[in-house]
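K.L.:
Supplied in structure tokens, the structure appears directly below.
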Amino acid sequence: MNRRQFVHSTSALATLVALPRPLQAAAASARKLKIALTPGSIGVNVTSQKELNELAHRHRFEAVEPRAEELAGMSREQLAETVADIGTKGLAWAAAGLAVDFRKDDATFRDGLGQLPKIAAGLQRAGVSRVGTWLAPCHAELTYRANYKLHVARLREIARVLQDHGLRFGLEYVGTQLSMVSRKYPFVHTLAEARELIADLGLGHVGLVLDTWHWWTAGDTANDLLTLTNADVVSVDLNDAPKGIGKAQQKDNERELPAATGVIDIAAFLNALITIGYDGPARPEPFNKALNALENDPACAASSAAIHQVMGLIRG
């Protein structure tokens, strides 16, 4: 789909699901899950938390990504103004991204870990409660066992800092099969493996970032999700997959907006989360070139329309 076709199709979708505000509010109040805006996942570029808040409010999102480093650098007055803005706009905080790169050499990891307490303190002062990151599904040099031991050691250090600041920590497994075999040694790439890793960290505030894309590409099922509790899930991503491509040939950075194609059974995924009482943020994360080519407002409008339509899949 080219950019013009994408704009036309998403404009029609936006018109279809644009309910009056009172009806939107009634529908939202019937569920605990919050529709979240994370700008980088839909190709949106902003320069401030205030600008991001305005985009989220204007396009009917219910939660917004915390810009962690910006919040940590704010004065007490600036932070109070930002938190008040969130409240005035009726927004909640979504999950912040992790500012520590634990996938590279030890010097890079230690540098990021050293900066984490300040960033975590800023998030805590702002009232943020969730932080998420992803796990690389392979490694060029480390075997599964060696890589696993390294992850347990590093993630435990990160998790303890976040725990000290009242922050839940979510880990996202990457199930894309082409990604898993892109380097010599495959690593964690399924829900079961991610849960084993989390259990070995031995800290109760660590859970999952669940993504329809990785859930589907890994071969996980709705029944697998039903073995979880709300406390096991920190954040959620909703995506669809292109048609006409086998699961094993899907490319991680070529996805579709949720429910755009029907390839992924998003209804089953979403209703399993509703059944376990999930009450956190859910964001679109399609990494879609046509969407990324749009300006901020059209990209937000298209993403909001898609994810609001997906909420209609929730069984009453």
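Chain labels A, B, ... are given in the sequence in which chains occur in the structure tokens; within each chain residues are numbered consecutively from 1, and ligands are likewise numbered from 1 in the order shown.
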To test your reading of the structure, identify every residue in region 105-137 of chain A that backbone DSSP assigns to alpha helix (DSSP H), and report it as a list in words.
P.N.:
Asp106, Ala107, Thr108, Phe109, Arg110, Asp111, Gly112, Leu113, Gly114, Gln115, Leu116, Pro117, Lys118, Ile119, Ala120, Ala121, Gly122, Leu123, Gln124, Arg125 and Ala126 of chain A
K.L.:
Run DSSP on the backbone and tell me which residues of region 209-316 of chain A come out as strand (DSSP E or B); list them as a PyMOL selection string.
P.N.:
chain A and resi 209-211+233-238+240+256+281-284
K.L.:
Mind writing the picked residues with N, CA and C atoms as a PDB file, in the first residue's frame?
P.N.:
ATOM      1  N   VAL A 209       5.889  -7.527  28.638  1.00  0.00           N
ATOM      2  CA  VAL A 209       5.303  -6.668  27.611  1.00  0.00           C
ATOM      3  C   VAL A 209       4.826  -7.623  26.526  1.00  0.00           C
ATOM      4  N   LEU A 210       3.517  -7.671  26.311  1.00  0.00           N
ATOM      5  CA  LEU A 210       2.934  -8.607  25.349  1.00  0.00           C
ATOM      6  C   LEU A 210       2.596  -7.890  24.051  1.00  0.00           C
ATOM      7  N   ASP A 211       2.964  -8.483  22.933  1.00  0.00           N
ATOM      8  CA  ASP A 211       2.750  -7.905  21.614  1.00  0.00           C
ATOM      9  C   ASP A 211       2.041  -8.936  20.744  1.00  0.00           C
ATOM     10  N   VAL A 233       1.428  -8.774  33.583  1.00  0.00           N
ATOM     11  CA  VAL A 233       1.480  -8.001  32.340  1.00  0.00           C
ATOM     12  C   VAL A 233       1.687  -6.525  32.657  1.00  0.00           C
ATOM     13  N   VAL A 234       2.753  -5.965  32.117  1.00  0.00           N
ATOM     14  CA  VAL A 234       3.094  -4.570  32.373  1.00  0.00           C
ATOM     15  C   VAL A 234       2.585  -3.655  31.263  1.00  0.00           C
ATOM     16  N   SER A 235       2.688  -4.102  30.019  1.00  0.00           N
ATOM     17  CA  SER A 235       2.257  -3.278  28.891  1.00  0.00           C
ATOM     18  C   SER A 235       1.905  -4.184  27.718  1.00  0.00           C
ATOM     19  N   VAL A 236       1.162  -3.616  26.745  1.00  0.00           N
ATOM     20  CA  VAL A 236       0.662  -4.397  25.615  1.00  0.00           C
ATOM     21  C   VAL A 236       0.831  -3.606  24.317  1.00  0.00           C
ATOM     22  N   ASP A 237       1.226  -4.316  23.247  1.00  0.00           N
ATOM     23  CA  ASP A 237       1.305  -3.745  21.900  1.00  0.00           C
ATOM     24  C   ASP A 237       0.320  -4.476  21.000  1.00  0.00           C
ATOM     25  N   LEU A 238      -0.386  -3.727  20.156  1.00  0.00           N
ATOM     26  CA  LEU A 238      -1.370  -4.311  19.251  1.00  0.00           C
ATOM     27  C   LEU A 238      -0.974  -4.034  17.805  1.00  0.00           C
ATOM     28  N   ASP A 240      -1.037  -5.918  13.473  1.00  0.00           N
ATOM     29  CA  ASP A 240      -1.462  -6.968  12.569  1.00  0.00           C
ATOM     30  C   ASP A 240      -0.306  -7.267  11.618  1.00  0.00           C
ATOM     31  N   GLU A 256       1.376  -4.161  10.202  1.00  0.00           N
ATOM     32  CA  GLU A 256       0.201  -3.361   9.883  1.00  0.00           C
ATOM     33  C   GLU A 256      -0.455  -2.892  11.179  1.00  0.00           C
ATOM     34  N   PRO A 281      -1.701  -0.083  29.808  1.00  0.00           N
ATOM     35  CA  PRO A 281      -1.752   0.551  28.492  1.00  0.00           C
ATOM     36  C   PRO A 281      -1.652  -0.448  27.347  1.00  0.00           C
ATOM     37  N   ALA A 282      -2.270  -0.095  26.213  1.00  0.00           N
ATOM     38  CA  ALA A 282      -2.146  -0.867  24.973  1.00  0.00           C
ATOM     39  C   ALA A 282      -1.892   0.129  23.846  1.00  0.00           C
ATOM     40  N   ARG A 283      -0.801  -0.061  23.125  1.00  0.00           N
ATOM     41  CA  ARG A 283      -0.415   0.886  22.082  1.00  0.00           C
ATOM     42  C   ARG A 283      -0.335   0.209  20.722  1.00  0.00           C
ATOM     43  N   PRO A 284      -0.606   0.934  19.644  1.00  0.00           N
ATOM     44  CA  PRO A 284      -0.294   0.413  18.316  1.00  0.00           C
ATOM     45  C   PRO A 284       1.203   0.548  18.059  1.00  0.00           C
TER      46      PRO A 284
END
K.L.:
Pick out the residues sitting within 6 Å of region 184-190 of chain A, and hand them over as an NGL selection string; count only C-alpha atoms, and ignore anything fewer than 6 positions along from it in its own chain.
P.N.:
:A and (137-140 or 143-144 or 173-175 or 218)
K.L.:
Please indicate the distance in Å from CA of Gln124 (chain A) to CA of Arg60 (chain A), rounded to one decimal place.
P.N.:
25.4 Å
K.L.:
Using only C-alpha atoms for the distances, tell me which of A:Ile276, A:Ala248, A:Val128, A:Leu291 is nearest to Leu178 (chain A).
P.N.:
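Closest residue, counting only C-alpha atoms: A:Ala248.
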K.L.:
Can you tell me, as a list in words, what residues are no more than 8 Å from Gln49 (chain A) when counting only C-alpha atoms, ignoring any on the same chain fewer than 6 positions away?
P.N.:
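Neighbouring residues, sequence-local ones excluded: Pro66, Arg67, Glu70 and Thr82 of chain A.
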K.L.:
Please provide as a VMD selection string all residues within 12 Å of Glu196 (chain A), with the sequence filter that same-chain residues fewer than 4 positions apart are discarded (counting only C-alpha atoms).
P.N.:
chain A and resid 148 151 to 152 171 173 188 to 192 200 to 202 206 to 208
K.L.:
For Lys32 (chain A), which residue out of A:Ser182, A:Asn230, A:Gln250, A:Asn288 is the nearest one, using only C-alpha atoms?
P.N.:
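When distances to Lys32 (chain A) are compared using only C-alpha atoms, the smallest one comes from A:Asn230.
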K.L.:
Check the smallest atom-to-atom distance from each of A:Thr176, A:Thr221, A:Ala68, A:Ile307 to Asn253 (chain A) using only C-alpha atoms, then report the winner.
P.N.:
A:Thr176
K.L.:
Considering only C-alpha atoms, return as a ChimeraX atom specification whatever protein or nucleic-acid residues lie within 12 Å of region 154-163 of chain A, sequence-local ones (same chain, fewer than 5 positions apart) excluded.
P.N.:
/A:96,98-106,108-110,112-124,128-135,147-149,168-171,197-207
K.L.:
Have a look at A:Asp164, A:Glu62, A:Glu193, A:Glu51 and name the one nearest to Ser304 (chain A); count only C-alpha atoms.
P.N.:
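Of A:Asp164, A:Glu62, A:Glu193, A:Glu51, the one nearest Ser304 (chain A) is A:Glu62, counting only C-alpha atoms.
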K.L.:
Return the single residue from A:Glu172, A:Glu295, A:Asp265, A:Asp85 that is closest to Gly219 (chain A), with distances computed using only C-alpha atoms.
P.N.:
A:Asp265
K.L.:
Find the residue from A:Ser48, A:Leu142, A:Leu33, A:Ala56 that sits nearest to Met74 (chain A); use only C-alpha atoms when measuring.
P.N.:
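Looking only at the distances to Met74 (chain A), the closest residue turns out to be A:Ser48.
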K.L.:
Work out how far CA of Asp297 (chain A) is from CA of Val83 (chain A), in Å to one decimal.
P.N.:
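Separating CA of Val83 (chain A) from CA of Asp297 (chain A) is a distance of 23.0 Å.
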K.L.:
Within 8 Å of Val64 (chain A), counting only C-alpha atoms, which residues qualify if same-chain residues fewer than 5 places away don't, as a list in words?
P.N.:
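Within the cut-off, the hits are Ala36, Leu37, Thr38, Leu52, Asn53, Ala56, Leu91, Ala92, Trp93 and Ala94 of chain A.
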K.L.:
Measure the distance from CA of Gln177 (chain A) to CA of Ala146 (chain A) in Å and round it to one decimal.
P.N.:
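Going from CA of Gln177 (chain A) over to CA of Ala146 (chain A), I get 21.0 Å.
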